[in-house]
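Q: Got final_21.cif for you, mmCIF, C-alpha atoms; chains and numbers go by the auth columns:
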```cif
data_input
#
loop_
_atom_site.group_PDB
_atom_site.id
_atom_site.type_symbol
_atom_site.label_atom_id
_atom_site.label_comp_id
_atom_site.label_asym_id
_atom_site.label_seq_id
_atom_site.Cartn_x
_atom_site.Cartn_y
_atom_site.Cartn_z
_atom_site.B_iso_or_equiv
_atom_site.auth_seq_id
_atom_site.auth_asym_id
ATOM 1 C CA MET A 1 0.000 0.000 0.000 0.00 1 A
ATOM 2 C CA ARG A 2 2.907 2.276 -0.745 0.00 2 A
ATOM 3 C CA LYS A 3 1.033 4.240 -3.402 0.00 3 A
ATOM 4 C CA ILE A 4 -2.077 4.990 -1.351 0.00 4 A
ATOM 5 C CA SER A 5 0.092 6.068 1.608 0.00 5 A
ATOM 6 C CA SER A 6 2.183 8.302 -0.614 0.00 6 A
ATOM 7 C CA LEU A 7 -0.881 9.906 -2.234 0.00 7 A
ATOM 8 C CA VAL A 8 -2.489 10.537 1.181 0.00 8 A
ATOM 9 C CA ASP A 9 0.706 12.176 2.474 0.00 9 A
ATOM 10 C CA HIS A 10 0.846 14.321 -0.663 0.00 10 A
ATOM 11 C CA LEU A 11 -2.783 15.395 -0.303 0.00 11 A
ATOM 12 C CA LEU A 12 -2.291 16.287 3.372 0.00 12 A
ATOM 13 C CA THR A 13 0.766 18.375 2.507 0.00 13 A
ATOM 14 C CA THR A 14 -0.697 20.186 -0.496 0.00 14 A
ATOM 15 C CA THR A 15 -4.274 20.792 0.693 0.00 15 A
ATOM 16 C CA GLY A 16 -3.550 21.742 4.304 0.00 16 A
ATOM 17 C CA LEU A 17 -6.210 19.330 5.560 0.00 17 A
ATOM 18 C CA ARG A 18 -5.710 17.849 9.013 0.00 18 A
ATOM 19 C CA ARG A 19 -5.227 14.082 9.354 0.00 19 A
ATOM 20 C CA GLU A 20 -8.630 13.715 11.047 0.00 20 A
ATOM 21 C CA GLN A 21 -10.305 15.160 7.922 0.00 21 A
ATOM 22 C CA MET A 22 -8.939 12.396 5.706 0.00 22 A
ATOM 23 C CA HIS A 23 -9.713 8.683 5.699 0.00 23 A
ATOM 24 C CA ALA A 24 -8.201 6.174 3.312 0.00 24 A
ATOM 25 C CA PHE A 25 -8.512 2.444 2.708 0.00 25 A
ATOM 26 C CA ALA A 26 -7.947 -0.193 0.048 0.00 26 A
ATOM 27 C CA ASP A 27 -11.012 -1.813 -1.504 0.00 27 A
ATOM 28 C CA LYS A 28 -11.597 -4.611 -4.041 0.00 28 A
ATOM 29 C CA GLY A 29 -8.079 -6.005 -3.733 0.00 29 A
ATOM 30 C CA GLU A 30 -6.964 -8.747 -6.116 0.00 30 A
ATOM 31 C CA LEU A 31 -3.702 -10.705 -5.889 0.00 31 A
ATOM 32 C CA GLN A 32 -2.169 -11.964 -9.118 0.00 32 A
ATOM 33 C CA PRO A 33 0.698 -14.467 -8.622 0.00 33 A
ATOM 34 C CA THR A 34 3.617 -13.945 -11.016 0.00 34 A
ATOM 35 C CA GLY A 35 6.705 -15.721 -9.676 0.00 35 A
ATOM 36 C CA ARG A 36 9.160 -13.710 -11.830 0.00 36 A
ATOM 37 C CA ASP A 37 12.854 -14.184 -11.164 0.00 37 A
ATOM 38 C CA LEU A 38 14.483 -10.757 -10.777 0.00 38 A
ATOM 39 C CA GLY A 39 18.060 -12.009 -10.597 0.00 39 A
ATOM 40 C CA THR A 40 20.297 -11.284 -7.644 0.00 40 A
ATOM 41 C CA THR A 41 20.933 -8.247 -5.490 0.00 41 A
ATOM 42 C CA PRO A 42 24.379 -6.607 -5.603 0.00 42 A
ATOM 43 C CA ASP A 43 25.324 -8.699 -2.550 0.00 43 A
ATOM 44 C CA GLY A 44 24.253 -11.940 -4.291 0.00 44 A
ATOM 45 C CA ARG A 45 20.844 -12.631 -2.691 0.00 45 A
ATOM 46 C CA ALA A 46 18.055 -14.008 -4.901 0.00 46 A
ATOM 47 C CA GLN A 47 15.078 -11.754 -5.501 0.00 47 A
ATOM 48 C CA LEU A 48 11.634 -12.486 -6.918 0.00 48 A
ATOM 49 C CA GLU A 49 8.459 -10.717 -7.899 0.00 49 A
ATOM 50 C CA VAL A 50 5.911 -12.984 -6.200 0.00 50 A
ATOM 51 C CA GLY A 51 2.843 -11.158 -7.461 0.00 51 A
ATOM 52 C CA VAL A 52 0.927 -8.008 -8.210 0.00 52 A
ATOM 53 C CA TRP A 53 -1.683 -6.483 -5.931 0.00 53 A
ATOM 54 C CA LYS A 54 -4.384 -4.572 -7.798 0.00 54 A
ATOM 55 C CA TYR A 55 -6.777 -2.514 -5.645 0.00 55 A
ATOM 56 C CA ASP A 56 -8.952 0.550 -5.438 0.00 56 A
ATOM 57 C CA ALA A 57 -7.600 3.252 -3.152 0.00 57 A
ATOM 58 C CA VAL A 58 -10.510 5.139 -1.612 0.00 58 A
ATOM 59 C CA ILE A 59 -9.672 8.482 -0.016 0.00 59 A
ATOM 60 C CA ARG A 60 -12.330 10.562 1.721 0.00 60 A
ATOM 61 C CA LEU A 61 -11.787 14.249 2.443 0.00 61 A
ATOM 62 C CA GLU A 62 -14.145 15.803 4.991 0.00 62 A
ATOM 63 C CA ARG A 63 -15.027 19.489 5.022 0.00 63 A
ATOM 64 C CA TYR A 64 -12.759 20.292 2.079 0.00 64 A
ATOM 65 C CA ALA A 65 -12.801 24.068 1.540 0.00 65 A
ATOM 66 C CA GLY A 66 -10.395 24.281 -1.396 0.00 66 A
ATOM 67 C CA ASP A 67 -10.899 24.707 -5.086 0.00 67 A
ATOM 68 C CA GLY A 68 -12.190 21.632 -6.981 0.00 68 A
ATOM 69 C CA PRO A 69 -10.054 21.993 -10.135 0.00 69 A
ATOM 70 C CA THR A 70 -6.979 22.526 -7.954 0.00 70 A
ATOM 71 C CA LEU A 71 -7.676 19.291 -6.078 0.00 71 A
ATOM 72 C CA MET A 72 -8.083 17.429 -9.363 0.00 72 A
ATOM 73 C CA ALA A 73 -4.824 18.904 -10.681 0.00 73 A
ATOM 74 C CA ILE A 74 -3.016 17.883 -7.467 0.00 74 A
ATOM 75 C CA VAL A 75 -4.197 14.270 -7.881 0.00 75 A
ATOM 76 C CA LEU A 76 -3.424 14.124 -11.609 0.00 76 A
ATOM 77 C CA GLY A 77 0.009 15.696 -11.077 0.00 77 A
ATOM 78 C CA TRP A 78 0.853 13.133 -8.383 0.00 78 A
ATOM 79 C CA LEU A 79 -0.266 10.280 -10.644 0.00 79 A
ATOM 80 C CA ALA A 80 1.885 11.590 -13.508 0.00 80 A
ATOM 81 C CA ASP A 81 4.936 11.910 -11.231 0.00 81 A
ATOM 82 C CA HIS A 82 4.524 8.698 -9.195 0.00 82 A
ATOM 83 C CA ASP A 83 2.386 6.242 -11.171 0.00 83 A
ATOM 84 C CA GLY A 84 3.170 6.841 -14.823 0.00 84 A
ATOM 85 C CA ASP A 85 2.447 3.285 -16.029 0.00 85 A
ATOM 86 C CA ARG A 86 -1.334 3.176 -15.672 0.00 86 A
ATOM 87 C CA ASP A 87 -2.101 1.099 -18.780 0.00 87 A
ATOM 88 C CA GLY A 88 -5.156 -1.054 -18.123 0.00 88 A
ATOM 89 C CA LEU A 89 -6.122 0.730 -14.902 0.00 89 A
ATOM 90 C CA ALA A 90 -9.401 2.580 -14.436 0.00 90 A
ATOM 91 C CA GLU A 91 -9.347 6.358 -14.504 0.00 91 A
ATOM 92 C CA PRO A 92 -9.652 8.094 -11.103 0.00 92 A
ATOM 93 C CA GLU A 93 -13.200 8.857 -9.947 0.00 93 A
ATOM 94 C CA LEU A 94 -14.296 11.810 -7.830 0.00 94 A
ATOM 95 C CA ASP A 95 -17.627 12.158 -5.997 0.00 95 A
ATOM 96 C CA VAL A 96 -18.524 15.406 -4.224 0.00 96 A
ATOM 97 C CA ASP A 97 -21.200 16.114 -1.616 0.00 97 A
ATOM 98 C CA ILE A 98 -21.776 19.815 -0.919 0.00 98 A
ATOM 99 C CA ASN A 99 -22.003 20.562 2.827 0.00 99 A
ATOM 100 C CA ASP A 100 -22.578 24.324 2.799 0.00 100 A
ATOM 101 C CA ALA A 101 -21.424 27.437 0.963 0.00 101 A
ATOM 102 C CA THR A 102 -17.739 26.821 1.780 0.00 102 A
ATOM 103 C CA THR A 103 -17.098 23.089 2.295 0.00 103 A
ATOM 104 C CA CYS A 104 -17.769 19.745 0.701 0.00 104 A
ATOM 105 C CA ASP A 105 -16.974 16.100 1.317 0.00 105 A
ATOM 106 C CA VAL A 106 -14.973 14.445 -1.457 0.00 106 A
ATOM 107 C CA GLU A 107 -14.498 10.767 -2.176 0.00 107 A
ATOM 108 C CA LEU A 108 -11.614 9.936 -4.505 0.00 108 A
ATOM 109 C CA ALA A 109 -11.179 6.418 -5.915 0.00 109 A
ATOM 110 C CA VAL A 110 -7.961 5.513 -7.731 0.00 110 A
ATOM 111 C CA GLU A 111 -7.110 2.048 -9.026 0.00 111 A
ATOM 112 C CA PHE A 112 -3.518 1.028 -8.298 0.00 112 A
ATOM 113 C CA GLU A 113 -1.235 -1.897 -9.053 0.00 113 A
ATOM 114 C CA GLU A 114 1.720 -2.635 -6.819 0.00 114 A
ATOM 115 C CA ARG A 115 4.323 -5.287 -7.458 0.00 115 A
ATOM 116 C CA ILE A 116 5.176 -7.454 -4.457 0.00 116 A
ATOM 117 C CA THR A 117 8.858 -8.311 -4.478 0.00 117 A
ATOM 118 C CA VAL A 118 10.961 -10.281 -2.017 0.00 118 A
ATOM 119 C CA ALA A 119 14.683 -10.766 -1.441 0.00 119 A
ATOM 120 C CA GLU A 120 16.269 -13.825 0.107 0.00 120 A
ATOM 121 C CA ASP A 121 16.802 -13.267 3.834 0.00 121 A
ATOM 122 C CA PRO A 122 17.587 -16.106 6.289 0.00 122 A
ATOM 123 C CA ALA A 123 15.806 -14.140 9.063 0.00 123 A
ATOM 124 C CA GLY A 124 12.897 -13.050 6.842 0.00 124 A
ATOM 125 C CA PRO A 125 9.240 -13.598 7.780 0.00 125 A
ATOM 126 C CA VAL A 126 8.166 -15.117 4.422 0.00 126 A
ATOM 127 C CA PRO A 127 8.736 -18.858 3.920 0.00 127 A
ATOM 128 C CA PHE A 128 8.701 -19.785 0.228 0.00 128 A
ATOM 129 C CA ASN A 129 10.292 -22.491 -1.891 0.00 129 A
ATOM 130 C CA GLY A 130 12.310 -23.884 1.035 0.00 130 A
ATOM 131 C CA ARG A 131 13.921 -20.521 1.882 0.00 131 A
ATOM 132 C CA ARG A 132 13.129 -17.371 3.915 0.00 132 A
ATOM 133 C CA TRP A 133 12.453 -14.006 2.285 0.00 133 A
ATOM 134 C CA SER A 134 11.728 -10.383 3.212 0.00 134 A
ATOM 135 C CA VAL A 135 9.555 -7.972 1.282 0.00 135 A
ATOM 136 C CA ALA A 136 11.949 -5.533 -0.402 0.00 136 A
ATOM 137 C CA ALA A 137 12.149 -3.191 -3.362 0.00 137 A
ATOM 138 C CA PRO A 138 14.033 -4.911 -6.176 0.00 138 A
ATOM 139 C CA GLU A 139 17.669 -3.989 -6.684 0.00 139 A
ATOM 140 C CA ILE A 140 18.401 -4.025 -10.389 0.00 140 A
ATOM 141 C CA VAL A 141 22.044 -4.522 -11.290 0.00 141 A
ATOM 142 C CA ALA A 142 23.140 -3.130 -14.646 0.00 142 A
ATOM 143 C CA ALA A 143 25.259 -5.490 -16.725 0.00 143 A
ATOM 144 C CA ASP A 144 28.881 -4.438 -17.178 0.00 144 A
ATOM 145 C CA GLU A 145 29.341 -6.645 -20.216 0.00 145 A
ATOM 146 C CA PHE A 146 27.397 -9.009 -22.419 0.00 146 A
ATOM 147 C CA THR A 147 28.733 -12.107 -24.168 0.00 147 A
ATOM 148 C CA PHE A 148 27.063 -14.315 -26.706 0.00 148 A
ATOM 149 C CA GLY A 149 27.129 -18.068 -26.207 0.00 149 A
ATOM 150 C CA ALA A 150 27.748 -20.507 -29.036 0.00 150 A
ATOM 151 C CA ARG A 151 24.647 -21.332 -31.067 0.00 151 A
ATOM 152 C CA ARG A 152 23.729 -24.785 -32.232 0.00 152 A
ATOM 153 C CA GLY A 153 24.398 -25.332 -35.867 0.00 153 A
ATOM 154 C CA GLY A 154 27.175 -22.727 -36.004 0.00 154 A
ATOM 155 C CA GLY A 155 26.878 -19.226 -37.341 0.00 155 A
ATOM 156 C CA ASN A 156 26.712 -15.883 -35.609 0.00 156 A
ATOM 157 C CA ALA A 157 24.521 -15.188 -32.610 0.00 157 A
ATOM 158 C CA CYS A 158 23.198 -11.971 -34.153 0.00 158 A
#
```
In structure tokens, write the structure found in this file.

A:
Amino acid sequence: MRKISSLVDHLLTTTGLRREQMHAFADKGELQPTGRDLGTTPDGRAQLEVGVWKYDAVIRLERYAGDGPTLMAIVLGWLADHDGDRDGLAEPELDVDINDATTCDVELAVEFEERITVAEDPAGPVPFNGRRWSVAAPEIVAADEFTFGARRGGGNAC
């Protein structure tokens, strides 16, 4: 739930709302197992993408007194900066209930996907495939060199 937490923090910072005016939760979660090998970390530990969690982030703002288009721009700007790969995800939805002449209650729903990755860790809390793992962001190691192996039947690899 890194994305929903990050978006909530951003909204609190940019709108000036107090924490008690904002409520957030994940809804309609779906786990999709993947089991992708991500290679090894720089220190040689195995790492895997075990799955993808797809969910609706629901964020409720109470007594919001700001400008509607500004709120929408704040959300869209955050999505562009922090969740650029939204192919296949639903567009954000916004529902507004007017309270009085100066405030409204807003419900924002944003569909997110988050990859769940683990790194081998003998003390980790996740038992899988005969080893222990910890949830961790993947560490991608850039290749320093690339060599072609011999192909069957001779000829060049390219």

Q: Under the PyMOL selection byres ((chain A and resi 126-138) around 10), which residues of this model are included? Write them out as an NGL selection string.

A: :A and (38-41 or 45-50 or 115-125 or 139-141)

Q: Name every residue that the PyMOL selection byres ((chain A and resi 71-80) around 8) selects in this structure, writing the answer as a PyMOL selection string with chains first and numbers rising.

A: chain A and resi 7+10-11+14-15+66-70+81-84

Q: Only C-alpha atoms, please: the residues just picked out, written as a PDB file, in the frame of the given file.

A:
```
ATOM      1  CA  LEU A   7      -0.881   9.906  -2.234  1.00  0.00           C
ATOM      2  CA  HIS A  10       0.846  14.321  -0.663  1.00  0.00           C
ATOM      3  CA  LEU A  11      -2.783  15.395  -0.303  1.00  0.00           C
ATOM      4  CA  THR A  14      -0.697  20.186  -0.496  1.00  0.00           C
ATOM      5  CA  THR A  15      -4.274  20.792   0.693  1.00  0.00           C
ATOM      6  CA  GLY A  66     -10.395  24.281  -1.396  1.00  0.00           C
ATOM      7  CA  ASP A  67     -10.899  24.707  -5.086  1.00  0.00           C
ATOM      8  CA  GLY A  68     -12.190  21.632  -6.981  1.00  0.00           C
ATOM      9  CA  PRO A  69     -10.054  21.993 -10.135  1.00  0.00           C
ATOM     10  CA  THR A  70      -6.979  22.526  -7.954  1.00  0.00           C
ATOM     11  CA  ASP A  81       4.936  11.910 -11.231  1.00  0.00           C
ATOM     12  CA  HIS A  82       4.524   8.698  -9.195  1.00  0.00           C
ATOM     13  CA  ASP A  83       2.386   6.242 -11.171  1.00  0.00           C
ATOM     14  CA  GLY A  84       3.170   6.841 -14.823  1.00  0.00           C
TER      15      GLY A  84
END
```

Q: Written as a list in words, what is the full residue list that the PyMOL selection byres ((chain A and resi 58-63) around 8) yields on the file shown?

A: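 Against this file, the PyMOL selection byres ((chain A and resi 58-63) around 8) returns the residues Val8, Gln21, Met22, His23, Ala24, Phe25, Ala26, Asp27, Asp56, Ala57, Tyr64, Ala65, Asn99, Thr103, Cys104, Asp105, Val106, Glu107, Leu108, Ala109 and Val110 of chain A.
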
Q: Work out how far apart atom CA of Val52 of chain A and atom CA of Phe112 of chain A are and give it in Å to one decimal.

A: 10.1 Å

Q: I'd like the interatomic distance between atom CA of Lys28 of chain A and atom CA of Ser5 of chain A, to a tenth of an Å.

A: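 Going from atom CA of Lys28 of chain A over to atom CA of Ser5 of chain A covers 16.8 Å.
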
Q: Quote the spacing between atom CA of Gln32 of chain A and atom CA of Asp95 of chain A in Å to one decimal place.

A: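 Here the two named atoms are 28.8 Å from each other.
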
Q: Counting only C-alpha atoms, figure out which residue out of A:Asp97, A:Glu113, A:Asp37, A:Glu145 gets nearest to Asp85 of chain A.

A: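 Looking only at the distances to Asp85 of chain A, the closest residue turns out to be A:Glu113.
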
Q: How would segment 135-146 of chain A read, as a compact mmCIF listing (two decimals), in the frame of the given file, once N, CA, C and O atoms are built in?

A:
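That gives us result-v6.txt:
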```
# COMPACT_ATOMS: atom_id res chain seq x y z
N VAL A 135 10.09 -8.88 2.30
CA VAL A 135 9.56 -7.97 1.28
C VAL A 135 10.56 -6.84 1.12
O VAL A 135 11.03 -6.26 2.09
N ALA A 136 10.93 -6.56 -0.12
CA ALA A 136 11.95 -5.53 -0.40
C ALA A 136 11.77 -5.00 -1.82
O ALA A 136 11.32 -5.73 -2.71
N ALA A 137 12.13 -3.75 -2.01
CA ALA A 137 12.15 -3.19 -3.36
C ALA A 137 13.25 -3.90 -4.14
O ALA A 137 14.33 -4.18 -3.59
N PRO A 138 13.00 -4.21 -5.41
CA PRO A 138 14.03 -4.91 -6.18
C PRO A 138 15.26 -4.03 -6.41
O PRO A 138 15.15 -2.82 -6.56
N GLU A 139 16.41 -4.67 -6.39
CA GLU A 139 17.67 -3.99 -6.68
C GLU A 139 18.13 -4.49 -8.04
O GLU A 139 18.54 -5.64 -8.18
N ILE A 140 18.03 -3.65 -9.03
CA ILE A 140 18.40 -4.03 -10.39
C ILE A 140 19.87 -3.69 -10.61
O ILE A 140 20.31 -2.56 -10.38
N VAL A 141 20.62 -4.69 -11.04
CA VAL A 141 22.04 -4.52 -11.29
C VAL A 141 22.25 -4.40 -12.80
O VAL A 141 21.86 -5.29 -13.55
N ALA A 142 22.85 -3.32 -13.22
CA ALA A 142 23.14 -3.13 -14.65
C ALA A 142 24.30 -4.03 -15.06
O ALA A 142 25.29 -4.16 -14.33
N ALA A 143 24.19 -4.62 -16.22
CA ALA A 143 25.26 -5.49 -16.73
C ALA A 143 26.46 -4.66 -17.14
O ALA A 143 26.32 -3.61 -17.79
N ASP A 144 27.66 -5.10 -16.76
CA ASP A 144 28.88 -4.44 -17.18
C ASP A 144 29.31 -4.88 -18.56
O ASP A 144 29.94 -4.14 -19.31
N GLU A 145 28.99 -6.12 -18.90
CA GLU A 145 29.34 -6.64 -20.22
C GLU A 145 28.34 -7.70 -20.61
O GLU A 145 27.56 -8.21 -19.78
N PHE A 146 28.33 -8.03 -21.90
CA PHE A 146 27.40 -9.01 -22.42
C PHE A 146 28.15 -9.89 -23.40
O PHE A 146 28.86 -9.38 -24.28
```
